[in-house]
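Content type PDB, C-alpha atoms, from the file start_32.pdb:
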```pdb
ATOM      1  CA  MET A   1     198.678  27.522 -84.467
ATOM      2  CA  LEU A   2     199.936  24.090 -83.436
ATOM      3  CA  LEU A   3     200.010  21.478 -86.135
ATOM      4  CA  GLN A   4     198.278  18.141 -85.752
ATOM      5  CA  LYS A   5     197.323  15.435 -88.182
ATOM      6  CA  MET A   6     194.987  17.030 -90.709
ATOM      7  CA  THR A   7     191.334  16.112 -90.319
ATOM      8  CA  PHE A   8     188.734  16.125 -93.054
ATOM      9  CA  THR A   9     185.046  16.040 -93.794
ATOM     10  CA  ASN A  10     183.679  13.924 -96.612
ATOM     11  CA  ALA A  11     182.106  16.006 -99.359
ATOM     12  CA  GLY A  12     181.321  12.843-101.332
ATOM     13  CA  THR A  13     179.455   9.657-100.514
ATOM     14  CA  LEU A  14     180.109   6.578 -98.385
ATOM     15  CA  LEU A  15     181.887   4.729-101.198
ATOM     16  CA  HIS A  16     183.182   7.750-103.129
ATOM     17  CA  VAL A  17     185.100   9.832-100.610
ATOM     18  CA  VAL A  18     186.035  13.452-101.383
ATOM     19  CA  PRO A  19     188.132  14.834 -98.486
ATOM     20  CA  LYS A  20     187.889  18.491 -97.507
ATOM     21  CA  TYR A  21     190.838  19.166 -95.218
ATOM     22  CA  PHE A  22     191.288  21.206 -92.030
ATOM     23  CA  LEU A  23     194.604  22.401 -90.574
ATOM     24  CA  GLY A  24     195.571  23.084 -86.947
ATOM     25  CA  SER A  25     195.017  21.410 -83.584
ATOM     26  CA  ASN A  26     191.572  23.033 -83.387
ATOM     27  CA  ASN A  27     190.746  22.722 -87.104
ATOM     28  CA  GLU A  28     191.257  26.475 -87.457
ATOM     29  CA  VAL A  29     191.673  26.560 -91.226
ATOM     30  CA  GLU A  30     189.619  24.890 -93.949
ATOM     31  CA  LEU A  31     192.663  24.299 -96.088
ATOM     32  CA  SER A  32     190.996  22.819 -99.166
ATOM     33  CA  GLU A  33     189.615  26.199-100.192
ATOM     34  CA  PHE A  34     193.171  27.507-100.685
ATOM     35  CA  ILE A  35     194.176  24.958-103.328
ATOM     36  CA  GLY A  36     195.404  26.820-106.375
ATOM     37  CA  ARG A  37     196.408  29.874-104.327
ATOM     38  CA  ARG A  38     199.635  31.031-102.697
ATOM     39  CA  LEU A  39     200.173  29.694 -99.198
ATOM     40  CA  ASN A  40     202.875  30.655 -96.695
ATOM     41  CA  LEU A  41     203.700  28.574 -93.629
ATOM     42  CA  ARG A  42     206.326  29.853 -91.172
ATOM     43  CA  PHE A  43     207.699  27.740 -88.308
ATOM     44  CA  SER A  44     208.183  29.752 -85.101
ATOM     45  CA  GLY A  45     210.967  27.493 -83.846
ATOM     46  CA  ARG A  46     208.812  26.221 -80.971
ATOM     47  CA  ILE A  47     207.610  22.634 -80.565
ATOM     48  CA  PHE A  48     205.236  21.301 -77.914
ATOM     49  CA  CYS A  49     204.532  17.701 -76.904
ATOM     50  CA  VAL A  50     201.063  16.737 -78.112
ATOM     51  CA  ALA A  51     200.462  14.742 -74.909
ATOM     52  CA  CYS A  52     201.780  16.835 -72.004
ATOM     53  CA  GLY A  53     202.203  20.212 -73.720
ATOM     54  CA  LYS A  54     205.832  20.586 -72.630
ATOM     55  CA  ALA A  55     208.133  22.696 -74.829
ATOM     56  CA  ILE A  56     210.662  20.397 -76.495
ATOM     57  CA  LYS A  57     213.501  20.559 -79.015
ATOM     58  CA  LYS A  58     212.513  17.486 -81.035
ATOM     59  CA  THR A  59     209.635  15.069 -81.246
ATOM     60  CA  PHE A  60     209.379  11.303 -81.040
ATOM     61  CA  GLY A  61     206.671   9.231 -82.677
ATOM     62  CA  GLN A  62     204.868  12.149 -84.363
ATOM     63  CA  GLY A  63     204.640  14.824 -81.724
ATOM     64  CA  PHE A  64     205.637  13.392 -78.352
ATOM     65  CA  CYS A  65     208.415  14.265 -75.936
ATOM     66  CA  TYR A  66     210.584  11.278 -75.072
ATOM     67  CA  PRO A  67     209.047  10.558 -71.611
ATOM     68  CA  CYS A  68     205.560  10.522 -73.175
ATOM     69  CA  PHE A  69     206.773   8.509 -76.146
ATOM     70  CA  ILE A  70     207.874   5.651 -73.895
ATOM     71  CA  SER A  71     204.837   5.791 -71.616
ATOM     72  CA  VAL A  72     201.606   6.853 -73.337
ATOM     73  CA  PRO A  73     199.342   4.173 -74.860
ATOM     74  CA  GLU A  74     199.218   5.990 -78.221
ATOM     75  CA  THR A  75     202.834   4.952 -78.894
ATOM     76  CA  GLU A  76     202.721   1.380 -77.628
ATOM     77  CA  GLU A  77     204.520  -1.218 -79.734
ATOM     78  CA  CYS A  78     201.340  -2.594 -81.282
ATOM     79  CA  VAL A  79     200.509   0.740 -82.928
ATOM     80  CA  LEU A  80     203.011  -0.073 -85.669
ATOM     81  CA  ARG A  81     203.034  -3.839 -85.199
ATOM     82  CA  PRO A  82     199.520  -5.049 -84.330
ATOM     83  CA  GLU A  83     200.689  -8.656 -84.029
ATOM     84  CA  LEU A  84     202.558  -7.656 -80.846
ATOM     85  CA  CYS A  85     199.390  -6.479 -79.096
ATOM     86  CA  ARG A  86     198.803  -8.176 -75.731
ATOM     87  CA  ALA A  87     195.655  -6.363 -74.650
ATOM     88  CA  HIS A  88     193.625  -9.565 -75.107
ATOM     89  CA  GLU A  89     195.879 -11.087 -72.423
ATOM     90  CA  GLY A  90     195.247  -8.163 -70.081
ATOM     91  CA  ILE A  91     198.643  -6.595 -70.794
ATOM     92  CA  ALA A  92     198.864  -2.971 -71.960
ATOM     93  CA  ARG A  93     200.230   0.391 -70.870
ATOM     94  CA  ASP A  94     196.663   1.509 -70.222
ATOM     95  CA  LEU A  95     193.973  -1.178 -70.182
ATOM     96  CA  LYS A  96     191.135   1.330 -70.393
ATOM     97  CA  TYR A  97     192.681   2.786 -73.517
ATOM     98  CA  ALA A  98     193.226  -0.720 -74.888
ATOM     99  CA  GLU A  99     189.553  -1.560 -74.367
ATOM    100  CA  ASN A 100     188.604   1.266 -76.716
ATOM    101  CA  HIS A 101     191.431   0.894 -79.233
ATOM    102  CA  CYS A 102     192.656  -2.712 -79.241
ATOM    103  CA  LEU A 103     189.810  -4.867 -77.951
ATOM    104  CA  ILE A 104     187.381  -3.785 -80.652
ATOM    105  CA  ASN A 105     186.731  -4.976 -84.183
ATOM    106  CA  HIS A 106     189.560  -4.371 -86.626
ATOM    107  CA  VAL A 107     189.575  -4.410 -90.412
ATOM    108  CA  VAL A 108     192.257  -6.009 -92.544
ATOM    109  CA  TYR A 109     192.206  -4.226 -95.897
ATOM    110  CA  LEU A 110     193.877  -3.832 -99.258
ATOM    111  CA  ALA A 111     194.499  -0.308-100.547
ATOM    112  CA  ASN A 112     195.991   1.245-103.665
ATOM    113  CA  SER A 113     198.324   4.030-102.555
ATOM    114  CA  GLY A 114     201.112   4.207-105.112
ATOM    115  CA  GLY A 115     200.791   0.432-105.323
ATOM    116  CA  LEU A 116     198.869  -2.323-103.565
ATOM    117  CA  LYS A 117     199.357  -2.694 -99.815
ATOM    118  CA  VAL A 118     197.797  -4.628 -96.963
ATOM    119  CA  GLY A 119     196.975  -2.935 -93.678
ATOM    120  CA  VAL A 120     195.040  -2.985 -90.415
ATOM    121  CA  THR A 121     192.765  -0.375 -88.890
ATOM    122  CA  ARG A 122     190.029  -0.071 -86.299
ATOM    123  CA  TYR A 123     186.574  -0.533 -87.807
ATOM    124  CA  HIS A 124     185.558   3.086 -87.187
ATOM    125  CA  GLN A 125     188.697   4.388 -88.921
ATOM    126  CA  VAL A 126     187.290   3.398 -92.318
ATOM    127  CA  PRO A 127     187.828   5.367 -94.575
ATOM    128  CA  ILE A 128     189.965   7.751 -92.458
ATOM    129  CA  ARG A 129     192.964   5.424 -92.514
ATOM    130  CA  TRP A 130     192.876   5.180 -96.308
ATOM    131  CA  VAL A 131     192.584   8.937 -96.764
ATOM    132  CA  ASP A 132     195.578   9.455 -94.439
ATOM    133  CA  GLN A 133     197.623   7.059 -96.576
ATOM    134  CA  GLY A 134     196.684   8.789 -99.812
ATOM    135  CA  ALA A 135     194.953   5.685-101.162
ATOM    136  CA  THR A 136     192.775   6.171-104.231
ATOM    137  CA  SER A 137     190.856   2.938-103.712
ATOM    138  CA  ALA A 138     190.489   0.293-101.012
ATOM    139  CA  ILE A 139     188.531  -2.793-100.017
ATOM    140  CA  LYS A 140     187.899  -4.575 -96.733
ATOM    141  CA  VAL A 141     189.226  -8.128 -96.736
ATOM    142  CA  LEU A 142     187.886  -9.267 -93.373
ATOM    143  CA  GLU A 143     187.150  -8.225 -89.789
ATOM    144  CA  THR A 144     188.548  -9.558 -86.515
ATOM    145  CA  LYS A 145     187.486  -9.118 -82.910
ATOM    146  CA  ASN A 146     190.719  -7.467 -81.751
ATOM    147  CA  ARG A 147     193.958  -5.856 -82.893
ATOM    148  CA  TYR A 148     196.147  -8.876 -82.221
ATOM    149  CA  SER A 149     194.155 -11.180 -84.503
ATOM    150  CA  ALA A 150     194.192  -8.601 -87.289
ATOM    151  CA  GLY A 151     197.942  -8.210 -86.853
ATOM    152  CA  VAL A 152     198.620 -11.944 -87.116
ATOM    153  CA  ILE A 153     196.566 -12.098 -90.310
ATOM    154  CA  GLU A 154     198.391  -9.071 -91.703
ATOM    155  CA  VAL A 155     201.725 -10.810 -91.088
ATOM    156  CA  ALA A 156     200.465 -13.825 -93.044
ATOM    157  CA  LEU A 157     199.383 -11.597 -95.933
ATOM    158  CA  LYS A 158     202.677  -9.685 -95.976
ATOM    159  CA  THR A 159     204.238 -12.749 -97.575
ATOM    160  CA  VAL A 160     202.142 -11.896-100.644
ATOM    161  CA  PHE A 161     201.382  -8.164-100.412
ATOM    162  CA  ALA A 162     203.483  -5.128 -99.499
ATOM    163  CA  ASP A 163     202.625  -3.387 -96.216
ATOM    164  CA  LYS A 164     204.206   0.013 -96.894
ATOM    165  CA  THR A 165     202.920   2.986 -98.847
ATOM    166  CA  ASN A 166     205.159   4.035-101.729
ATOM    167  CA  TRP A 167     204.812   7.678-100.752
ATOM    168  CA  ARG A 168     206.710   9.075-103.727
ATOM    169  CA  LYS A 169     204.499   7.288-106.256
ATOM    170  CA  MET A 170     201.465   8.236-104.190
ATOM    171  CA  LEU A 171     202.410  11.928-104.335
ATOM    172  CA  GLN A 172     203.152  11.684-108.046
ATOM    173  CA  GLY A 173     199.661  10.351-108.648
ATOM    174  CA  ILE A 174     201.030   7.055-109.944
ATOM    175  CA  ASP A 175     198.591   4.257-109.214
ATOM    176  CA  GLU A 176     198.637   0.817-110.737
ATOM    177  CA  LYS A 177     195.447  -0.530-112.248
ATOM    178  CA  ILE A 178     194.416  -3.085-109.649
ATOM    179  CA  ASP A 179     191.372  -5.360-109.494
ATOM    180  CA  LEU A 180     190.770  -5.144-105.742
ATOM    181  CA  LEU A 181     188.067  -7.813-105.789
ATOM    182  CA  GLU A 182     190.467 -10.243-107.423
ATOM    183  CA  MET A 183     193.202  -9.318-104.946
ATOM    184  CA  LYS A 184     190.770  -9.878-102.071
ATOM    185  CA  LYS A 185     190.096 -13.389-103.352
ATOM    186  CA  LYS A 186     193.847 -13.962-103.472
ATOM    187  CA  ALA A 187     194.202 -12.745 -99.894
ATOM    188  CA  LEU A 188     191.427 -14.978 -98.579
ATOM    189  CA  HIS A 189     192.926 -17.955-100.419
ATOM    190  CA  GLN A 190     196.222 -17.249 -98.674
ATOM    191  CA  LEU A 191     194.409 -17.495 -95.336
ATOM    192  CA  LYS A 192     192.541 -20.743 -95.987
ATOM    193  CA  HIS A 193     194.623 -22.628 -93.413
ATOM    194  CA  THR A 194     194.809 -19.920 -90.746
ATOM    195  CA  SER A 195     193.623 -20.767 -87.241
ATOM    196  CA  ILE A 196     192.767 -17.137 -86.447
ATOM    197  CA  GLU A 197     189.036 -16.456 -86.304
ATOM    198  CA  PHE A 198     187.675 -13.724 -88.539
ATOM    199  CA  ASN A 199     184.443 -12.528 -90.080
ATOM    200  CA  GLY A 200     183.798 -11.767 -93.704
ATOM    201  CA  ALA A 201     183.523  -8.221 -95.033
ATOM    202  CA  SER A 202     181.555  -6.674 -97.874
ATOM    203  CA  ASP A 203     182.978  -6.625-101.387
ATOM    204  CA  GLU A 204     182.299  -2.916-101.797
ATOM    205  CA  VAL A 205     185.217  -1.017-103.331
ATOM    206  CA  TYR A 206     185.838   2.454-101.921
ATOM    207  CA  SER A 207     187.242   5.214-104.133
ATOM    208  CA  ILE A 208     188.888   8.399-102.865
ATOM    209  CA  ASP A 209     189.113  11.550-104.957
ATOM    210  CA  PHE A 210     191.764  13.985-103.707
ATOM    211  CA  THR A 211     191.758  17.596-104.858
ATOM    212  CA  VAL A 212     195.069  17.986-106.664
ATOM    213  CA  THR A 213     195.359  20.403-109.582
ATOM    214  CA  LYS A 214     198.741  19.081-110.722
ATOM    215  CA  TYR A 215     200.856  16.091-109.736
ATOM    216  CA  PRO A 216     204.656  16.546-109.734
ATOM    217  CA  GLN A 217     207.013  14.470-111.843
ATOM    218  CA  LYS A 218     209.565  14.651-109.043
ATOM    219  CA  VAL A 219     208.892  15.107-105.338
ATOM    220  CA  ASN A 220     211.077  17.175-103.004
ATOM    221  CA  SER A 221     210.120  16.402 -99.406
ATOM    222  CA  LEU A 222     210.490  19.359 -97.030
ATOM    223  CA  THR A 223     210.741  19.561 -93.247
ATOM    224  CA  PHE A 224     210.538  22.554 -90.926
ATOM    225  CA  ASP A 225     213.672  21.292 -89.190
ATOM    226  CA  LYS A 226     215.635  22.315 -92.288
ATOM    227  CA  VAL A 227     213.389  24.895 -93.979
ATOM    228  CA  PRO A 228     211.623  27.217 -91.480
ATOM    229  CA  GLU A 229     209.398  28.796 -94.111
ATOM    230  CA  ILE A 230     207.472  27.167 -96.943
ATOM    231  CA  SER A 231     205.735  29.320 -99.517
ATOM    232  CA  GLY A 232     204.207  28.696-102.899
ATOM    233  CA  ILE A 233     201.127  27.789-104.875
ATOM    234  CA  LEU A 234     199.275  24.951-103.167
ATOM    235  CA  ASP A 235     198.704  22.387-105.919
ATOM    236  CA  GLY A 236     196.764  19.997-103.715
ATOM    237  CA  ILE A 237     196.452  17.869-100.599
ATOM    238  CA  LYS A 238     196.847  14.105-100.583
ATOM    239  CA  GLY A 239     197.122  11.875 -97.566
ATOM    240  CA  GLN A 240     198.807  14.016 -94.925
ATOM    241  CA  TYR A 241     200.895  15.937 -97.460
ATOM    242  CA  LEU A 242     200.588  19.462 -98.794
ATOM    243  CA  LEU A 243     201.757  19.582-102.418
ATOM    244  CA  PHE A 244     203.272  22.836-103.656
ATOM    245  CA  GLU A 245     204.227  23.970-107.138
ATOM    246  CA  GLY A 246     207.519  22.582-108.344
ATOM    247  CA  GLY A 247     207.023  19.270-106.556
ATOM    248  CA  GLU A 248     207.726  20.450-103.003
ATOM    249  CA  ALA A 249     205.771  18.532-100.357
ATOM    250  CA  ILE A 250     205.484  18.552 -96.586
ATOM    251  CA  ASN A 251     204.027  15.879 -94.335
ATOM    252  CA  ILE A 252     201.863  17.696 -91.808
ATOM    253  CA  ARG A 253     201.366  14.697 -89.534
ATOM    254  CA  SER A 254     205.116  14.307 -89.007
ATOM    255  CA  HIS A 255     205.175  17.924 -87.734
ATOM    256  CA  ALA A 256     202.586  17.443 -84.998
ATOM    257  CA  GLY A 257     203.305  19.846 -82.134
ATOM    258  CA  TYR A 258     205.139  22.389 -84.311
ATOM    259  CA  GLU A 259     203.972  25.974 -83.926
ATOM    260  CA  VAL A 260     203.434  27.709 -87.262
ATOM    261  CA  SER A 261     201.827  30.834 -88.592
ATOM    262  CA  LEU A 262     199.710  30.781 -91.728
ATOM    263  CA  ASN A 263     199.993  33.882 -93.926
ATOM    264  CA  LEU A 264     196.741  34.589 -95.753
ATOM    265  CA  LYS A 265     197.591  38.091 -96.972
ATOM    266  CA  ASP A 266     198.212  37.080-100.534
ATOM    267  CA  LEU A 267     195.368  34.576-100.804
TER     268      LEU A 267
END
```

What do you get writing this file as structure tokens?
Amino acid sequence: MLLQKMTFTNAGTLLHVVPKYFLGSNNEVELSEFIGRRLNLRFSGRIFCVACGKAIKKTFGQGFCYPCFISVPETEECVLRPELCRAHEGIARDLKYAENHCLINHVVYLANSGGLKVGVTRYHQVPIRWVDQGATSAIKVLETKNRYSAGVIEVALKTVFADKTNWRKMLQGIDEKIDLLEMKKKALHQLKHTSIEFNGASDEVYSIDFTVTKYPQKVNSLTFDKVPEISGILDGIKGQYLLFEGGEAINIRSHAGYEVSLNLKDL
């Protein structure tokens, strides 16, 4: 199978999310049912661009060949830096794509993923974005009419809040006790003089309950570029990481386009 970002269904409720994960570009394997069992993943040595399907030796930007990386709209500059979006000015690699991804409502949020962070996501990516980051709780701060406006507000809030996930703490299950409602008030106070238009958002706090039987004290991040075969007891799934016994972890999203086989014989 070819790896892609893991997808999930929500076995919980709207505000209490319980992800059940699927692995493979066609969601071939319901991976959550294998937690607590032995799992073997073997990399074939072949990688394919997730955009054009071309066989490649290495990926750029999570699964793309270099020509696609510098040309497809999915890797445009504003994906990582929303404040650089120019779609509202009619400038984009693909304006049709921008209409559906940039010129729509965006949410500026606060999430607890190994610590408090601020972020931006499209309105329909709630709570997907938070699950992908391994956040255990999150709250919407506000909504904007496009990606650029959300990005400018995020930049303003980055003077007060971090904008990166502490992935090691996240995988160790270390979360600070954070009053998200109080932090939201702090964020809105920081924006009291902003000229960017935005709409309010509900004060509902989302919680996310990942299925992890045991969190590691120390994390050893693995990659198929160095270790072609990963085998062990699957202790859990959090964010886009598989957690194995002994603290070994692999980020599935960063291996998009990699061809692997999944050994179920011993499960």

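Each of A:Arg147, A:Arg42, A:Lys177, A:Lys117 was checked against A:Val260 using all atoms listed in the file; the smallest atom-to-atom distance is that of A:Arg42.
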
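Nearest residue to A:Arg253 among A:Asp235, A:Glu197, A:Asp132, A:Glu74 is A:Asp132, counting only C-alpha atoms.
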
Worksheet item: Once the PyMOL selection byres ((chain A and resi 12-21) around 12) has been applied to the shown file, what residues remain in the selection, as a ChimeraX atom specification?
Response: /A:5-11,22-24,27-35,126-128,130-132,134-140,202-212,236-242,252

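If all atoms listed in the file are the atoms counted, then among A:Glu154, A:Thr144, A:Val219, A:Leu110 the closest residue to A:Lys185 is A:Leu110.
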
Worksheet item: Got a sec: who's within 12 Å of stretch 59-68 of chain A, counting all atoms listed in the file, leaving out chain neighbours fewer than 2 positions off, as a PyMOL selection string?
Response: chain A and resi 2-5+25+46-57+70-77+79-80+93+225+251-259

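Residues matched by the PyMOL selection byres ((chain A and resi 214) around 10) in this file are Gly36, Gln172, Gly173, Thr211, Val212, Thr213, Tyr215, Pro216, Gln217, Leu234, Asp235, Gly236, Leu243, Phe244, Glu245, Gly246 and Gly247 of chain A.
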
Written as a PDB file with C-alpha atoms, in the frame of the given file, which residues does the PyMOL selection byres ((chain A and resi 194) around 12) give for the file shown?
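Result saved to part_15.pdb:
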```pdb
ATOM      1  CA  SER A 149     194.155 -11.180 -84.503  1.00  0.00           C
ATOM      2  CA  ALA A 150     194.192  -8.601 -87.289  1.00  0.00           C
ATOM      3  CA  VAL A 152     198.620 -11.944 -87.116  1.00  0.00           C
ATOM      4  CA  ILE A 153     196.566 -12.098 -90.310  1.00  0.00           C
ATOM      5  CA  GLU A 154     198.391  -9.071 -91.703  1.00  0.00           C
ATOM      6  CA  VAL A 155     201.725 -10.810 -91.088  1.00  0.00           C
ATOM      7  CA  ALA A 156     200.465 -13.825 -93.044  1.00  0.00           C
ATOM      8  CA  LEU A 157     199.383 -11.597 -95.933  1.00  0.00           C
ATOM      9  CA  ALA A 187     194.202 -12.745 -99.894  1.00  0.00           C
ATOM     10  CA  LEU A 188     191.427 -14.978 -98.579  1.00  0.00           C
ATOM     11  CA  HIS A 189     192.926 -17.955-100.419  1.00  0.00           C
ATOM     12  CA  GLN A 190     196.222 -17.249 -98.674  1.00  0.00           C
ATOM     13  CA  LEU A 191     194.409 -17.495 -95.336  1.00  0.00           C
ATOM     14  CA  LYS A 192     192.541 -20.743 -95.987  1.00  0.00           C
ATOM     15  CA  HIS A 193     194.623 -22.628 -93.413  1.00  0.00           C
ATOM     16  CA  SER A 195     193.623 -20.767 -87.241  1.00  0.00           C
ATOM     17  CA  ILE A 196     192.767 -17.137 -86.447  1.00  0.00           C
ATOM     18  CA  GLU A 197     189.036 -16.456 -86.304  1.00  0.00           C
ATOM     19  CA  PHE A 198     187.675 -13.724 -88.539  1.00  0.00           C
TER      20      PHE A 198
END
```

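Going from atom CA of A:Leu95 over to atom CA of A:Glu83, you cover 17.1 Å.
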
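From atom CA of A:Arg122 back to atom CA of A:Ala98, the distance works out to 11.9 Å.
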
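Pairwise distance (atom CA of A:Lys145, atom CA of A:Val108) equals 11.2 Å.
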
Find the residues around A:Leu142 up to 6 Å (all atoms listed in the file counted), leave out those fewer than 6 positions away in its own chain, and share them as a compact mmCIF listing (two decimals) with C-alpha atoms, in the frame of the given file.
```
# COMPACT_ATOMS: atom_id res chain seq x y z
CA VAL A 107 189.58 -4.41 -90.41
CA VAL A 108 192.26 -6.01 -92.54
CA ASN A 199 184.44 -12.53 -90.08
CA GLY A 200 183.80 -11.77 -93.70
CA ALA A 201 183.52 -8.22 -95.03
```

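Taking all atoms listed in the file into account, A:His88 lies nearest to A:Asn146 out of the set A:Asn146, A:Asn40, A:Asn100, A:Thr121.
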
Axis-aligned box for stretch 161-178 of chain A, 3 Å per side, centre and edges in Å as AutoDock Vina command-line options:
```
--center_x 200.6 --center_y 1.9 --center_z -104.2 --size_x 18.3 --size_y 26.1 --size_z 22.0
```

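In this comparison, which uses all atoms listed in the file, the residue of A:Tyr148, A:Val160, A:Asn263, A:Asn112 approaching A:Ile91 most closely is A:Tyr148.
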
Since the input is missing atoms for stretch 14-22 of chain A, could you rebuild it with all heavy atoms and give the result as a CSV table (one decimal), keeping the file's coordinate frame?
```csv
chain,number,residue,atom,x,y,z
A,14,LEU,N,179.5,7.6,-99.2
A,14,LEU,CA,180.1,6.6,-98.4
A,14,LEU,C,181.2,5.8,-99.2
A,14,LEU,O,182.3,5.6,-98.6
A,14,LEU,CB,179.0,5.6,-97.9
A,14,LEU,CG,179.6,4.4,-97.1
A,14,LEU,CD1,180.1,4.8,-95.8
A,14,LEU,CD2,178.4,3.4,-96.9
A,15,LEU,N,180.9,5.5,-100.4
A,15,LEU,CA,181.9,4.7,-101.2
A,15,LEU,C,182.7,5.6,-102.1
A,15,LEU,O,183.7,5.1,-102.7
A,15,LEU,CB,181.1,3.7,-102.0
A,15,LEU,CG,180.4,2.6,-101.2
A,15,LEU,CD1,179.7,1.6,-102.1
A,15,LEU,CD2,181.4,1.8,-100.3
A,16,HIS,N,182.4,6.8,-102.3
A,16,HIS,CA,183.2,7.8,-103.1
A,16,HIS,C,183.5,8.9,-102.2
A,16,HIS,O,182.8,9.9,-102.1
A,16,HIS,CB,182.4,8.2,-104.4
A,16,HIS,CG,183.2,9.2,-105.2
A,16,HIS,ND1,182.7,10.1,-106.0
A,16,HIS,CD2,184.6,9.3,-105.4
A,16,HIS,CE1,183.6,10.8,-106.6
A,16,HIS,NE2,184.8,10.4,-106.2
A,17,VAL,N,184.7,8.9,-101.6
A,17,VAL,CA,185.1,9.8,-100.6
A,17,VAL,C,185.8,11.0,-101.3
A,17,VAL,O,186.7,10.8,-102.1
A,17,VAL,CB,186.0,9.2,-99.6
A,17,VAL,CG1,186.4,10.2,-98.5
A,17,VAL,CG2,185.3,8.0,-98.9
A,18,VAL,N,185.4,12.2,-100.9
A,18,VAL,CA,186.0,13.5,-101.4
A,18,VAL,C,186.4,14.3,-100.2
A,18,VAL,O,185.6,15.0,-99.6
A,18,VAL,CB,185.1,14.3,-102.3
A,18,VAL,CG1,185.8,15.5,-102.8
A,18,VAL,CG2,184.6,13.4,-103.5
A,19,PRO,N,187.7,14.2,-99.7
A,19,PRO,CA,188.1,14.8,-98.5
A,19,PRO,C,188.2,16.4,-98.6
A,19,PRO,O,188.8,16.9,-99.6
A,19,PRO,CB,189.5,14.2,-98.2
A,19,PRO,CG,189.7,13.1,-99.1
A,19,PRO,CD,188.8,13.4,-100.3
A,20,LYS,N,187.7,17.1,-97.7
A,20,LYS,CA,187.9,18.5,-97.5
A,20,LYS,C,188.7,18.7,-96.2
A,20,LYS,O,188.2,18.4,-95.1
A,20,LYS,CB,186.5,19.2,-97.5
A,20,LYS,CG,185.7,19.1,-98.7
A,20,LYS,CD,186.4,19.7,-99.9
A,20,LYS,CE,185.6,19.6,-101.2
A,20,LYS,NZ,186.3,20.1,-102.4
A,21,TYR,N,189.9,19.2,-96.3
A,21,TYR,CA,190.8,19.2,-95.2
A,21,TYR,C,190.8,20.4,-94.3
A,21,TYR,O,190.5,21.5,-94.8
A,21,TYR,CB,192.3,19.1,-95.8
A,21,TYR,CG,192.7,17.7,-96.2
A,21,TYR,CD1,192.5,17.3,-97.6
A,21,TYR,CD2,193.2,16.8,-95.3
A,21,TYR,CE1,192.9,16.0,-98.0
A,21,TYR,CE2,193.6,15.5,-95.8
A,21,TYR,CZ,193.4,15.1,-97.1
A,21,TYR,OH,193.8,13.9,-97.5
A,22,PHE,N,191.2,20.1,-93.0
A,22,PHE,CA,191.3,21.2,-92.0
A,22,PHE,C,192.7,21.1,-91.4
A,22,PHE,O,193.2,20.1,-91.1
A,22,PHE,CB,190.2,21.1,-90.9
A,22,PHE,CG,188.8,21.3,-91.5
A,22,PHE,CD1,188.1,20.2,-92.0
A,22,PHE,CD2,188.2,22.5,-91.4
A,22,PHE,CE1,186.8,20.4,-92.5
A,22,PHE,CE2,186.9,22.7,-91.9
A,22,PHE,CZ,186.3,21.7,-92.5
```
